[in-house]
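Shown next: run20.cif, containing mmCIF, N, CA and C atoms.
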data_model
loop_
_atom_site.label_atom_id
_atom_site.label_comp_id
_atom_site.auth_asym_id
_atom_site.auth_seq_id
_atom_site.Cartn_x
_atom_site.Cartn_y
_atom_site.Cartn_z
N MET A 1 -34.88 106.26 -28.42
CA MET A 1 -33.79 106.14 -29.39
C MET A 1 -33.30 107.52 -29.79
N ASN A 2 -31.99 107.69 -29.80
CA ASN A 2 -31.38 108.96 -30.16
C ASN A 2 -31.35 109.09 -31.68
N SER A 3 -31.85 110.20 -32.20
CA SER A 3 -31.90 110.39 -33.65
C SER A 3 -30.87 111.41 -34.12
N GLU A 4 -29.79 111.57 -33.36
CA GLU A 4 -28.75 112.52 -33.74
C GLU A 4 -28.05 112.06 -35.01
N LYS A 5 -27.71 113.00 -35.86
CA LYS A 5 -27.06 112.68 -37.13
C LYS A 5 -25.65 112.18 -36.89
N LEU A 6 -25.29 111.13 -37.60
CA LEU A 6 -23.94 110.56 -37.56
C LEU A 6 -23.25 110.83 -38.89
N TYR A 7 -21.98 111.18 -38.83
CA TYR A 7 -21.19 111.46 -40.03
C TYR A 7 -20.10 110.41 -40.18
N SER A 8 -19.87 109.98 -41.43
CA SER A 8 -18.71 109.14 -41.71
C SER A 8 -17.48 110.02 -41.60
N VAL A 9 -16.31 109.42 -41.60
CA VAL A 9 -15.07 110.20 -41.52
C VAL A 9 -14.99 111.16 -42.70
N GLU A 10 -15.34 110.70 -43.87
CA GLU A 10 -15.30 111.55 -45.06
C GLU A 10 -16.29 112.71 -44.95
N ASP A 11 -17.51 112.43 -44.47
CA ASP A 11 -18.51 113.48 -44.32
C ASP A 11 -18.12 114.46 -43.21
N ALA A 12 -17.50 113.95 -42.15
CA ALA A 12 -17.03 114.83 -41.08
C ALA A 12 -15.95 115.77 -41.60
N ALA A 13 -15.07 115.26 -42.45
CA ALA A 13 -14.02 116.09 -43.04
C ALA A 13 -14.64 117.22 -43.87
N ALA A 14 -15.69 116.91 -44.61
CA ALA A 14 -16.38 117.93 -45.39
C ALA A 14 -17.07 118.93 -44.47
N PHE A 15 -17.70 118.44 -43.40
CA PHE A 15 -18.38 119.30 -42.43
C PHE A 15 -17.40 120.28 -41.78
N LEU A 16 -16.18 119.84 -41.58
CA LEU A 16 -15.15 120.66 -40.93
C LEU A 16 -14.42 121.56 -41.92
N GLY A 17 -14.99 121.76 -43.07
CA GLY A 17 -14.43 122.71 -44.02
C GLY A 17 -13.65 122.10 -45.16
N GLY A 18 -13.84 120.82 -45.40
CA GLY A 18 -13.17 120.18 -46.53
C GLY A 18 -11.74 119.76 -46.23
N ILE A 19 -11.46 119.49 -44.95
CA ILE A 19 -10.12 119.01 -44.59
C ILE A 19 -9.96 117.57 -45.07
N SER A 20 -8.77 117.06 -44.97
CA SER A 20 -8.48 115.68 -45.38
C SER A 20 -9.10 114.69 -44.39
N LYS A 21 -9.56 113.57 -44.92
CA LYS A 21 -10.08 112.52 -44.03
C LYS A 21 -8.98 111.99 -43.14
N TRP A 22 -7.73 112.09 -43.59
CA TRP A 22 -6.60 111.62 -42.79
C TRP A 22 -6.38 112.53 -41.57
N THR A 23 -6.70 113.80 -41.70
CA THR A 23 -6.64 114.71 -40.56
C THR A 23 -7.68 114.31 -39.53
N VAL A 24 -8.87 113.96 -39.98
CA VAL A 24 -9.92 113.51 -39.07
C VAL A 24 -9.48 112.22 -38.37
N HIS A 25 -8.90 111.30 -39.12
CA HIS A 25 -8.38 110.05 -38.51
C HIS A 25 -7.33 110.36 -37.44
N ALA A 26 -6.45 111.31 -37.72
CA ALA A 26 -5.40 111.68 -36.76
C ALA A 26 -6.02 112.27 -35.50
N TRP A 27 -7.03 113.15 -35.66
CA TRP A 27 -7.69 113.75 -34.50
C TRP A 27 -8.44 112.71 -33.68
N LEU A 28 -9.01 111.71 -34.36
CA LEU A 28 -9.67 110.61 -33.64
C LEU A 28 -8.64 109.83 -32.83
N ALA A 29 -7.50 109.55 -33.44
CA ALA A 29 -6.45 108.78 -32.76
C ALA A 29 -5.89 109.53 -31.55
N LYS A 30 -5.82 110.85 -31.65
CA LYS A 30 -5.29 111.68 -30.55
C LYS A 30 -6.34 111.98 -29.50
N GLY A 31 -7.60 111.63 -29.79
CA GLY A 31 -8.66 111.91 -28.84
C GLY A 31 -9.23 113.31 -28.94
N LYS A 32 -8.89 114.05 -29.97
CA LYS A 32 -9.44 115.39 -30.15
C LYS A 32 -10.90 115.32 -30.58
N LEU A 33 -11.24 114.27 -31.30
CA LEU A 33 -12.63 114.00 -31.72
C LEU A 33 -13.05 112.66 -31.14
N ARG A 34 -14.33 112.56 -30.80
CA ARG A 34 -14.86 111.30 -30.28
C ARG A 34 -15.46 110.49 -31.42
N ARG A 35 -15.23 109.20 -31.37
CA ARG A 35 -15.78 108.30 -32.39
C ARG A 35 -16.94 107.51 -31.81
N THR A 36 -17.85 107.13 -32.68
CA THR A 36 -18.94 106.23 -32.34
C THR A 36 -18.86 105.08 -33.33
N LYS A 37 -18.71 103.89 -32.83
CA LYS A 37 -18.61 102.72 -33.72
C LYS A 37 -20.00 102.21 -34.05
N VAL A 38 -20.25 101.98 -35.32
CA VAL A 38 -21.48 101.36 -35.79
C VAL A 38 -21.02 100.13 -36.57
N GLY A 39 -21.08 98.99 -35.91
CA GLY A 39 -20.49 97.79 -36.49
C GLY A 39 -18.99 98.02 -36.56
N SER A 40 -18.43 97.89 -37.75
CA SER A 40 -17.00 98.13 -37.92
C SER A 40 -16.71 99.55 -38.41
N ARG A 41 -17.75 100.33 -38.66
CA ARG A 41 -17.57 101.69 -39.18
C ARG A 41 -17.34 102.70 -38.06
N THR A 42 -16.47 103.64 -38.32
CA THR A 42 -16.26 104.76 -37.41
C THR A 42 -17.16 105.90 -37.86
N MET A 43 -18.00 106.35 -36.95
CA MET A 43 -18.90 107.47 -37.21
C MET A 43 -18.65 108.55 -36.17
N ILE A 44 -19.03 109.77 -36.48
CA ILE A 44 -18.84 110.89 -35.56
C ILE A 44 -20.17 111.61 -35.43
N ARG A 45 -20.59 111.81 -34.18
CA ARG A 45 -21.87 112.49 -33.92
C ARG A 45 -21.76 113.97 -34.25
N GLN A 46 -22.86 114.52 -34.73
CA GLN A 46 -22.90 115.94 -35.07
C GLN A 46 -22.57 116.79 -33.84
N SER A 47 -23.07 116.41 -32.68
CA SER A 47 -22.80 117.18 -31.46
C SER A 47 -21.31 117.17 -31.12
N ASP A 48 -20.62 116.07 -31.42
CA ASP A 48 -19.18 116.01 -31.17
C ASP A 48 -18.42 116.92 -32.13
N LEU A 49 -18.88 117.00 -33.38
CA LEU A 49 -18.26 117.91 -34.34
C LEU A 49 -18.47 119.37 -33.92
N GLN A 50 -19.69 119.68 -33.48
CA GLN A 50 -19.98 121.05 -33.05
C GLN A 50 -19.19 121.41 -31.80
N ALA A 51 -19.05 120.47 -30.87
CA ALA A 51 -18.27 120.72 -29.66
C ALA A 51 -16.79 120.94 -30.02
N PHE A 52 -16.29 120.17 -30.97
CA PHE A 52 -14.91 120.32 -31.41
C PHE A 52 -14.70 121.71 -32.02
N LEU A 53 -15.63 122.13 -32.88
CA LEU A 53 -15.52 123.46 -33.48
C LEU A 53 -15.57 124.55 -32.43
N ALA A 54 -16.44 124.39 -31.45
CA ALA A 54 -16.55 125.40 -30.39
C ALA A 54 -15.26 125.47 -29.58
N SER A 55 -14.62 124.33 -29.35
CA SER A 55 -13.37 124.34 -28.58
C SER A 55 -12.23 124.96 -29.37
N CYS A 56 -12.30 124.90 -30.69
CA CYS A 56 -11.27 125.49 -31.54
C CYS A 56 -11.49 126.98 -31.75
N ASN A 57 -12.71 127.44 -31.57
CA ASN A 57 -13.08 128.82 -31.82
C ASN A 57 -13.79 129.42 -30.62
N PRO A 58 -13.04 129.80 -29.59
CA PRO A 58 -13.69 130.39 -28.42
C PRO A 58 -14.39 131.70 -28.78
N GLU A 59 -15.32 132.10 -27.95
CA GLU A 59 -16.07 133.33 -28.18
C GLU A 59 -15.11 134.52 -28.28
N PRO A 60 -15.22 135.34 -29.32
CA PRO A 60 -14.32 136.48 -29.47
C PRO A 60 -14.37 137.46 -28.30
N ALA A 61 -15.55 137.73 -27.76
CA ALA A 61 -15.67 138.69 -26.66
C ALA A 61 -14.90 138.22 -25.44
N ALA A 62 -14.95 136.94 -25.14
CA ALA A 62 -14.23 136.41 -23.98
C ALA A 62 -12.73 136.52 -24.21
N HIS A 63 -12.28 136.27 -25.43
CA HIS A 63 -10.86 136.34 -25.75
C HIS A 63 -10.36 137.78 -25.62
N VAL A 64 -11.09 138.74 -26.16
CA VAL A 64 -10.69 140.14 -26.10
C VAL A 64 -10.66 140.61 -24.66
N GLN A 65 -11.67 140.29 -23.91
CA GLN A 65 -11.74 140.74 -22.52
C GLN A 65 -10.61 140.14 -21.71
N GLY A 66 -10.31 138.87 -21.93
CA GLY A 66 -9.24 138.23 -21.19
C GLY A 66 -7.88 138.76 -21.57
N ALA A 67 -7.70 139.16 -22.81
CA ALA A 67 -6.40 139.61 -23.27
C ALA A 67 -6.05 141.00 -22.74
N ARG A 68 -7.00 141.91 -22.70
CA ARG A 68 -6.70 143.28 -22.31
C ARG A 68 -7.44 143.71 -21.05
N GLY A 69 -8.50 142.97 -20.69
CA GLY A 69 -9.27 143.34 -19.53
C GLY A 69 -10.20 144.50 -19.75
N THR A 70 -10.30 144.98 -20.99
CA THR A 70 -11.15 146.14 -21.25
C THR A 70 -12.47 145.75 -21.90
N GLY A 71 -12.47 144.63 -22.61
CA GLY A 71 -13.67 144.22 -23.33
C GLY A 71 -13.85 145.00 -24.61
N SER A 72 -12.87 145.77 -25.02
CA SER A 72 -12.98 146.61 -26.20
C SER A 72 -12.04 146.11 -27.28
N ALA A 73 -12.55 145.92 -28.47
CA ALA A 73 -11.72 145.44 -29.58
C ALA A 73 -10.71 146.50 -29.98
N SER A 74 -11.05 147.78 -29.87
CA SER A 74 -10.12 148.83 -30.26
C SER A 74 -8.89 148.83 -29.35
N GLY A 75 -9.04 148.41 -28.11
CA GLY A 75 -7.90 148.31 -27.21
C GLY A 75 -6.87 147.32 -27.73
N ASN A 76 -7.33 146.25 -28.35
CA ASN A 76 -6.40 145.27 -28.91
C ASN A 76 -5.69 145.82 -30.13
N MET A 77 -6.37 146.61 -30.94
CA MET A 77 -5.74 147.17 -32.12
C MET A 77 -4.60 148.10 -31.72
N VAL A 78 -4.78 148.87 -30.69
CA VAL A 78 -3.72 149.76 -30.21
C VAL A 78 -2.55 148.93 -29.73
N ALA A 79 -2.82 147.84 -29.01
CA ALA A 79 -1.75 146.99 -28.51
C ALA A 79 -0.94 146.40 -29.65
N LEU A 80 -1.59 146.01 -30.74
CA LEU A 80 -0.88 145.46 -31.88
C LEU A 80 -0.03 146.52 -32.56
N GLU A 81 -0.55 147.74 -32.67
CA GLU A 81 0.20 148.81 -33.28
C GLU A 81 1.41 149.17 -32.44
N ASP A 82 1.29 149.10 -31.10
CA ASP A 82 2.38 149.44 -30.21
C ASP A 82 3.53 148.45 -30.32
N ARG A 83 3.24 147.22 -30.70
CA ARG A 83 4.28 146.19 -30.78
C ARG A 83 5.15 146.33 -32.01
N ARG A 84 4.70 147.02 -33.00
CA ARG A 84 5.44 147.11 -34.27
C ARG A 84 6.60 148.01 -34.21
#
Give the structure from this file in structure tokens form.
Amino acid sequence: MNSEKLYSVEDAAAFLGGISKWTVHAWLAKGKLRRTKVGSRTMIRQSDLQAFLASCNPEPAAHVQGARGTGSASGNMVALEDRR
């Protein structure tokens, strides 16, 4: 038996930083979050919430390296200053 924690829509909204439960419902409807039905209740697995957060927040090092190819954060600061 899997003992992973399940969150109600309201608890998932709190877990995601206190967003509206209606935002969670919208993400469920769009397929951005996976639902687990328990009887008639919609629940969300903790692993699905963590995967969602990871997809929204990619690793900073990978983002910096992909953007400039240098792997250096200071390289990005120069690029931002050059654009102004």
Can you measure CA of Val38 (chain A) to CA of Tyr7 (chain A) for me? One decimal in Å is fine.
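For CA of Val38 (chain A) relative to CA of Tyr7 (chain A), the distance reads 11.0 Å.
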Apply the PyMOL selection byres (((chain A and resi 16-31 and name CA) around 10) and name CA) to the displayed file and report the matching residues as a list in words.
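This file, filtered by the PyMOL selection byres (((chain A and resi 16-31 and name CA) around 10) and name CA), leaves Ser8, Val9, Glu10, Asp11, Ala12, Ala13, Ala14, Phe15, Lys32, Leu33, Arg34, Arg35, Thr42, Ile44, Leu49, Gln50, Phe52 and Leu53 of chain A.
One distance worth recording is that between CA of Ser3 (chain A) and atom C of Ser47 (chain A), which is 12.8 Å.
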Give me, please, the distance in Å between CA of Gln46 (chain A) and CA of Lys5 (chain A), quoted to one decimal.
5.7 Å
Enclose region 8-11 of chain A, meaning all of its atoms listed in the file, in a box aligned along x, y and z, pad it by 3 Å on each side, and list the centre and edge lengths in Å to one decimal, as lines of an AutoDock Vina configuration file.
center_x = -17.4
center_y = 111.8
center_z = -43.2
size_x = 10.9
size_y = 11.3
size_z = 9.6
